[in-house]
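Novice: Structure in structure tokens, see below.
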Amino acid sequence: MQGAEATLFYVYIDAILDESVEPMKKPPVVAIIGAASLTFGPKALRDLVNHPGLDGATVRFMDIDEPHMDIMTRLARRLVDSVDHHINIESTTDRREALKDADYVLINIEVDRYTLWKQDFSLPVSLGVKQVTGELGGPGGLFHSLRQIPIHLEVARDIETLCPNAVIMVESNPLNRICLALERYANVGQIMGLCHGVEIMQWQLGKILGLETDEILATAAGTNHLTWILDLRLKATGEDLYPLVREKLADYDPKFEPLTRKLFEVYGYIPSPGDNHIGEYIPYAWEFVGLDGPRLDNRDQATADRWAYLDKLSRGGEITNGYKESYEEQEELKLTEFHQPRSWVDTLAFPIINAVHTGTFHRMPAVNMLNNGAIRNLPDDIFVETPAAVDSSGTRLIHIGDLPKPLAAFCRRDIDQMELTVEAAVTGNRNLVLQAMLLDPVIDSVRTAERVLDEMLAAQADYLPQFA
């Protein structure tokens with residue numbers, strides 16, 4: 001079974017699998033490294049409220065930012081007290097203490113996130129590089145990887161000694177490069193990367209179609225942030241939604257995802273998760289997206305306001321107007337909002353943990369794991385993103401078959417650069433960085449690449465000691 005046949009089969013897989021296999025008895029121990037994150041933390045808290053199968057679990061919050069960790073811990077305990085199931089909440093600034101005997105390790109860490117992202121984007125653009133986001137692809141994404149991979153390998157060294165059999169769930173970016181580095185340079189258990197990209201595209205398509213996100217079933221495959229929706233169905237009936245998408249898009253706002261629409265027009269499949277991310281791997285993305293880059297201004301004040309809000313909420317306040325939770329949804333964050341599960345904004349980790357420990361079958365829309373034949377025309381030993389099946393035996397990628405050839409070609413270029421980037425980050429070899437940069441589709445000049453490399457290494461020397 002391959003391609004579209006496979007995707008159709010898995011639309012209905014939950015109707016033929018036994019959903020009542022014997023659950024695991026021991027409540028899990030979950031370590032969250034980087035728990036005091038304004039993006040990740042509230043999503044984790046919502047999951048704790050909305051997964052009663054986690055009753056009895058121990059969740060250890062760990063972050064080096066002690067004041068913000070205290071806020072997140074208070075809020076977590078307040079939320080747990082508001083539901084019937086019980087979760088043991090622990091917090092620490094000691095990573096080794098958090099990791100001891102953990103069954104699952106969730107990692108979501110960054111260093112000087114927005115300050116360095118501004119530099120990742122603006123410096124190469126100032127030298128003539130037409131990158132549109134600078135987070136995952138382009139020279140900006142390359143240097144982001146060079147900083148992130150060593151930090152995650154430090155965490156892996158502790159995992160090797162303190163919880164060697166733990167399932168590692170990476171939510172940091174650049175996700176697939178970090179996962180590949182852990183796989184090749186650490187002696188740890190199962191590694192998976194979790195990303196909301198496919199669900200974000202489902203949400204966007206739902207708005208176009210007049211459907212809720214959970215009414216749509218998308219089967220997407222590729223590499224992280226460069227996936228392709230091979231099949232799109234109405235979950236209740238199995239109706240093919242692609243014809244309706246084409247019809248609706250014809251009259252939809254022309255400013256909506258112009259690059260995504262052009263790729264859909266040319267190749268017949270919608271890419272995911274949207275222009276700013278897929279554009280990182282497309283040399284002509286700037287023609288559609290522009291070169292203004294990500295919206296990173298005024299983050300300091302927004303961050304301060306958000307923490308002040310969460311602090312008040314954690315101490316018993318119930319604010320009904322004012323601070324908004326997310327830039328995308330602009331939804332008021334009240335304690336009651338945590339009790340409303342929303343699939344595309346949870347952490348993606350806890351639905352997996354819940355399914356494993358309750359013995360309930362769950363189809364994940366997207367998980368990044370070692371390929372091992374899931375996408376037959378991509379290498380087996382790299383991380384790909386496909387839907388996954390989860391039950392008491394664990395998590396397995398759903399086999400897709402072959403990607404259409406041009407789509408696989410897009411992904412293979414990303415894979416080749418990914419492997420060089422990982423090796424460069426670990427070895428500190430400057431020439432490998434140059435090799436990786438020259439494989440990037442947004443680079444069209446050796447001289448420009450060398451200048452970007454020199455200036456970025458100088459500007460970020462404090463964060464890249466492996467190149468000293």
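Starting from 1 in every chain, residues are counted up; chains themselves are A, B, ... following the order of the structure tokens, and ligands are numbered from 1 as listed.
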Report as a list in words all protein, DNA and RNA residues lying within 8 Å of Met201 of chain A, evaluated on only C-alpha atoms, omitting residues in the same chain fewer than 4 positions from it.
Specialist: Gly197, Leu205, Ser272, Pro273 and Gly274 of chain A
Novice: Those same residues - N, CA and C atoms - I'd like them written as a PDB file, in the first residue's frame.
Specialist:
```
ATOM      1  N   GLY A 197       2.662  22.252  13.407  1.00  0.00           N
ATOM      2  CA  GLY A 197       2.524  22.779  12.060  1.00  0.00           C
ATOM      3  C   GLY A 197       1.337  22.244  11.284  1.00  0.00           C
ATOM      4  N   LEU A 205      -7.255  25.862   7.210  1.00  0.00           N
ATOM      5  CA  LEU A 205      -8.168  25.310   6.211  1.00  0.00           C
ATOM      6  C   LEU A 205      -9.596  25.254   6.755  1.00  0.00           C
ATOM      7  N   SER A 272       2.627  22.603   4.330  1.00  0.00           N
ATOM      8  CA  SER A 272       2.312  22.989   5.706  1.00  0.00           C
ATOM      9  C   SER A 272       3.621  23.319   6.418  1.00  0.00           C
ATOM     10  N   PRO A 273       3.600  24.313   7.360  1.00  0.00           N
ATOM     11  CA  PRO A 273       2.446  24.905   8.018  1.00  0.00           C
ATOM     12  C   PRO A 273       2.063  26.300   7.544  1.00  0.00           C
ATOM     13  N   GLY A 274       2.671  26.848   6.528  1.00  0.00           N
ATOM     14  CA  GLY A 274       2.321  28.180   6.073  1.00  0.00           C
ATOM     15  C   GLY A 274       3.526  28.875   5.478  1.00  0.00           C
TER      16      GLY A 274
END
```
Novice: Name the residues of segment 177-402 of chain A that come out as helix (DSSP H, G or I) in a backbone DSSP run; write them as a PyMOL selection string.
Specialist: chain A and resi 177-185+197-209+213-215+242-249+258-267+275-281+286-289+299-314+335-339+343-345+349-358
Novice: Closest to Gly428 of chain A among A:Thr115, A:Gly268, A:Pro150, A:Ile71, using only C-alpha atoms?
Specialist: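 Closest residue, counting only C-alpha atoms: A:Pro150.
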Novice: Give me the residues near segment 252-256 of chain A as a ChimeraX atom specification, where near means some atom within 8 Å (using only C-alpha atoms) and where sequence neighbours in that chain fewer than 3 positions away do not count.
Specialist: /A:208,248-249
Novice: Do you know which residues are at most 10 Å from Gly137 of chain A counting only C-alpha atoms, after dropping those on the same chain fewer than 3 positions away, and could you put them as a PDB file with N, CA and C atoms, in the first residue's frame?
Specialist:
```pdb
ATOM      1  N   GLN A 131      16.314  35.642   2.735  1.00  0.00           N
ATOM      2  CA  GLN A 131      15.632  34.692   3.612  1.00  0.00           C
ATOM      3  C   GLN A 131      14.411  35.382   4.207  1.00  0.00           C
ATOM      4  N   VAL A 132      13.339  34.615   4.441  1.00  0.00           N
ATOM      5  CA  VAL A 132      12.078  35.253   4.825  1.00  0.00           C
ATOM      6  C   VAL A 132      11.776  35.177   6.317  1.00  0.00           C
ATOM      7  N   THR A 133      12.441  34.266   7.031  1.00  0.00           N
ATOM      8  CA  THR A 133      12.150  34.127   8.464  1.00  0.00           C
ATOM      9  C   THR A 133      13.414  33.992   9.300  1.00  0.00           C
ATOM     10  N   GLY A 134      14.368  33.170   8.869  1.00  0.00           N
ATOM     11  CA  GLY A 134      15.634  33.049   9.578  1.00  0.00           C
ATOM     12  C   GLY A 134      15.566  32.274  10.868  1.00  0.00           C
ATOM     13  N   GLY A 140      20.121  32.130   8.890  1.00  0.00           N
ATOM     14  CA  GLY A 140      19.608  32.320  10.246  1.00  0.00           C
ATOM     15  C   GLY A 140      19.261  31.007  10.915  1.00  0.00           C
ATOM     16  N   GLY A 141      18.550  30.141  10.197  1.00  0.00           N
ATOM     17  CA  GLY A 141      18.213  28.835  10.756  1.00  0.00           C
ATOM     18  C   GLY A 141      19.431  27.973  10.994  1.00  0.00           C
ATOM     19  N   LEU A 142      20.447  28.119  10.141  1.00  0.00           N
ATOM     20  CA  LEU A 142      21.695  27.375  10.321  1.00  0.00           C
ATOM     21  C   LEU A 142      22.363  27.764  11.636  1.00  0.00           C
ATOM     22  N   PHE A 143      22.472  29.067  11.894  1.00  0.00           N
ATOM     23  CA  PHE A 143      23.125  29.493  13.141  1.00  0.00           C
ATOM     24  C   PHE A 143      22.255  29.197  14.359  1.00  0.00           C
ATOM     25  N   HIS A 144      20.953  29.263  14.200  1.00  0.00           N
ATOM     26  CA  HIS A 144      20.066  28.818  15.274  1.00  0.00           C
ATOM     27  C   HIS A 144      20.388  27.369  15.649  1.00  0.00           C
ATOM     28  N   SER A 145      20.588  26.523  14.650  1.00  0.00           N
ATOM     29  CA  SER A 145      20.924  25.117  14.888  1.00  0.00           C
ATOM     30  C   SER A 145      22.268  24.982  15.592  1.00  0.00           C
ATOM     31  N   PRO A 174      15.611  24.361  15.969  1.00  0.00           N
ATOM     32  CA  PRO A 174      15.116  23.617  14.810  1.00  0.00           C
ATOM     33  C   PRO A 174      14.959  22.129  15.142  1.00  0.00           C
ATOM     34  N   HIS A 225       8.235  21.273   9.219  1.00  0.00           N
ATOM     35  CA  HIS A 225       7.999  22.591   8.631  1.00  0.00           C
ATOM     36  C   HIS A 225       8.081  22.580   7.113  1.00  0.00           C
ATOM     37  N   HIS A 277       7.110  29.573   7.260  1.00  0.00           N
ATOM     38  CA  HIS A 277       7.965  28.412   7.545  1.00  0.00           C
ATOM     39  C   HIS A 277       8.369  27.662   6.284  1.00  0.00           C
ATOM     40  N   ILE A 278       7.415  27.333   5.421  1.00  0.00           N
ATOM     41  CA  ILE A 278       7.826  26.621   4.214  1.00  0.00           C
ATOM     42  C   ILE A 278       8.717  27.510   3.351  1.00  0.00           C
ATOM     43  N   GLY A 279       8.528  28.825   3.463  1.00  0.00           N
ATOM     44  CA  GLY A 279       9.347  29.757   2.695  1.00  0.00           C
ATOM     45  C   GLY A 279      10.816  29.711   3.058  1.00  0.00           C
ATOM     46  N   GLU A 280      11.141  29.144   4.217  1.00  0.00           N
ATOM     47  CA  GLU A 280      12.546  29.042   4.612  1.00  0.00           C
ATOM     48  C   GLU A 280      13.320  28.064   3.730  1.00  0.00           C
ATOM     49  N   TYR A 281      12.613  27.220   3.009  1.00  0.00           N
ATOM     50  CA  TYR A 281      13.257  26.191   2.201  1.00  0.00           C
ATOM     51  C   TYR A 281      13.033  26.412   0.705  1.00  0.00           C
ATOM     52  N   ILE A 282      12.472  27.561   0.332  1.00  0.00           N
ATOM     53  CA  ILE A 282      12.106  27.836  -1.046  1.00  0.00           C
ATOM     54  C   ILE A 282      12.861  29.081  -1.516  1.00  0.00           C
ATOM     55  N   ASP A 414      16.623  19.676   2.033  1.00  0.00           N
ATOM     56  CA  ASP A 414      16.626  19.996   3.459  1.00  0.00           C
ATOM     57  C   ASP A 414      17.408  18.950   4.246  1.00  0.00           C
ATOM     58  N   GLN A 417      21.294  19.263   3.877  1.00  0.00           N
ATOM     59  CA  GLN A 417      21.818  20.362   4.673  1.00  0.00           C
ATOM     60  C   GLN A 417      21.729  20.040   6.163  1.00  0.00           C
ATOM     61  N   MET A 418      20.656  19.361   6.559  1.00  0.00           N
ATOM     62  CA  MET A 418      20.459  18.994   7.957  1.00  0.00           C
ATOM     63  C   MET A 418      21.626  18.161   8.485  1.00  0.00           C
ATOM     64  N   MET A 437      25.863  25.865   4.362  1.00  0.00           N
ATOM     65  CA  MET A 437      25.271  27.106   3.878  1.00  0.00           C
ATOM     66  C   MET A 437      25.165  27.109   2.356  1.00  0.00           C
ATOM     67  N   ASP A 440      22.112  25.603   0.977  1.00  0.00           N
ATOM     68  CA  ASP A 440      20.837  26.237   1.278  1.00  0.00           C
ATOM     69  C   ASP A 440      20.255  26.875   0.021  1.00  0.00           C
ATOM     70  N   PRO A 441      18.978  26.665  -0.256  1.00  0.00           N
ATOM     71  CA  PRO A 441      18.391  27.203  -1.485  1.00  0.00           C
ATOM     72  C   PRO A 441      18.348  28.718  -1.567  1.00  0.00           C
ATOM     73  N   VAL A 442      18.466  29.435  -0.441  1.00  0.00           N
ATOM     74  CA  VAL A 442      18.418  30.901  -0.515  1.00  0.00           C
ATOM     75  C   VAL A 442      19.791  31.509  -0.763  1.00  0.00           C
TER      76      VAL A 442
END
```
Novice: Just asking: which residues within segment 49-130 of chain A are strand (DSSP E) according to DSSP, as a VMD selection string?
Specialist: chain A and resid 58 to 62 88 to 92 104 to 107
Novice: Between A:Leu397, A:Leu180, A:Val390, A:Leu244, single out the one closest to His357 of chain A, counting only C-alpha atoms.
Specialist: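 Answer, going by the shortest atom-to-atom distance: A:Val390.
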Novice: For segment 104-110 of chain A, work out the shell of residues within 7 Å, counting only C-alpha atoms and skipping chain neighbours fewer than 5 positions away, then give it as a PyMOL selection string.
Specialist: chain A and resi 29-34+166-172
Novice: Please write the residues from the selection above to a file, keeping N, CA and C atoms, as a compact mmCIF listing (two decimals), in the first residue's frame.
Specialist:
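Printed below is out-v5.txt as written:
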```txt
# COMPACT_ATOMS: atom_id res chain seq x y z
N VAL A 29 6.34 9.47 35.30
CA VAL A 29 7.10 10.61 35.79
C VAL A 29 7.56 11.40 34.57
N VAL A 30 7.14 12.66 34.52
CA VAL A 30 7.42 13.50 33.35
C VAL A 30 8.28 14.68 33.78
N ALA A 31 9.44 14.82 33.15
CA ALA A 31 10.31 15.97 33.40
C ALA A 31 10.16 16.96 32.25
N ILE A 32 9.87 18.22 32.59
CA ILE A 32 9.74 19.26 31.56
C ILE A 32 10.92 20.20 31.71
N ILE A 33 11.84 20.15 30.76
CA ILE A 33 13.03 20.99 30.78
C ILE A 33 12.75 22.24 29.95
N GLY A 34 12.72 23.37 30.64
CA GLY A 34 12.32 24.63 30.00
C GLY A 34 10.86 24.91 30.25
N ALA A 166 14.23 6.80 29.12
CA ALA A 166 13.13 7.76 28.96
C ALA A 166 12.85 8.04 27.50
N VAL A 167 11.59 8.31 27.20
CA VAL A 167 11.20 8.80 25.88
C VAL A 167 11.48 10.31 25.86
N ILE A 168 12.25 10.75 24.88
CA ILE A 168 12.62 12.16 24.77
C ILE A 168 11.71 12.82 23.75
N MET A 169 11.04 13.88 24.16
CA MET A 169 10.11 14.60 23.30
C MET A 169 10.62 16.02 23.13
N VAL A 170 11.11 16.32 21.94
CA VAL A 170 11.72 17.61 21.66
C VAL A 170 10.67 18.54 21.05
N GLU A 171 10.51 19.71 21.65
CA GLU A 171 9.64 20.74 21.08
C GLU A 171 10.41 22.01 20.76
N SER A 172 11.72 21.99 21.01
CA SER A 172 12.57 23.12 20.65
C SER A 172 12.79 23.13 19.14
```
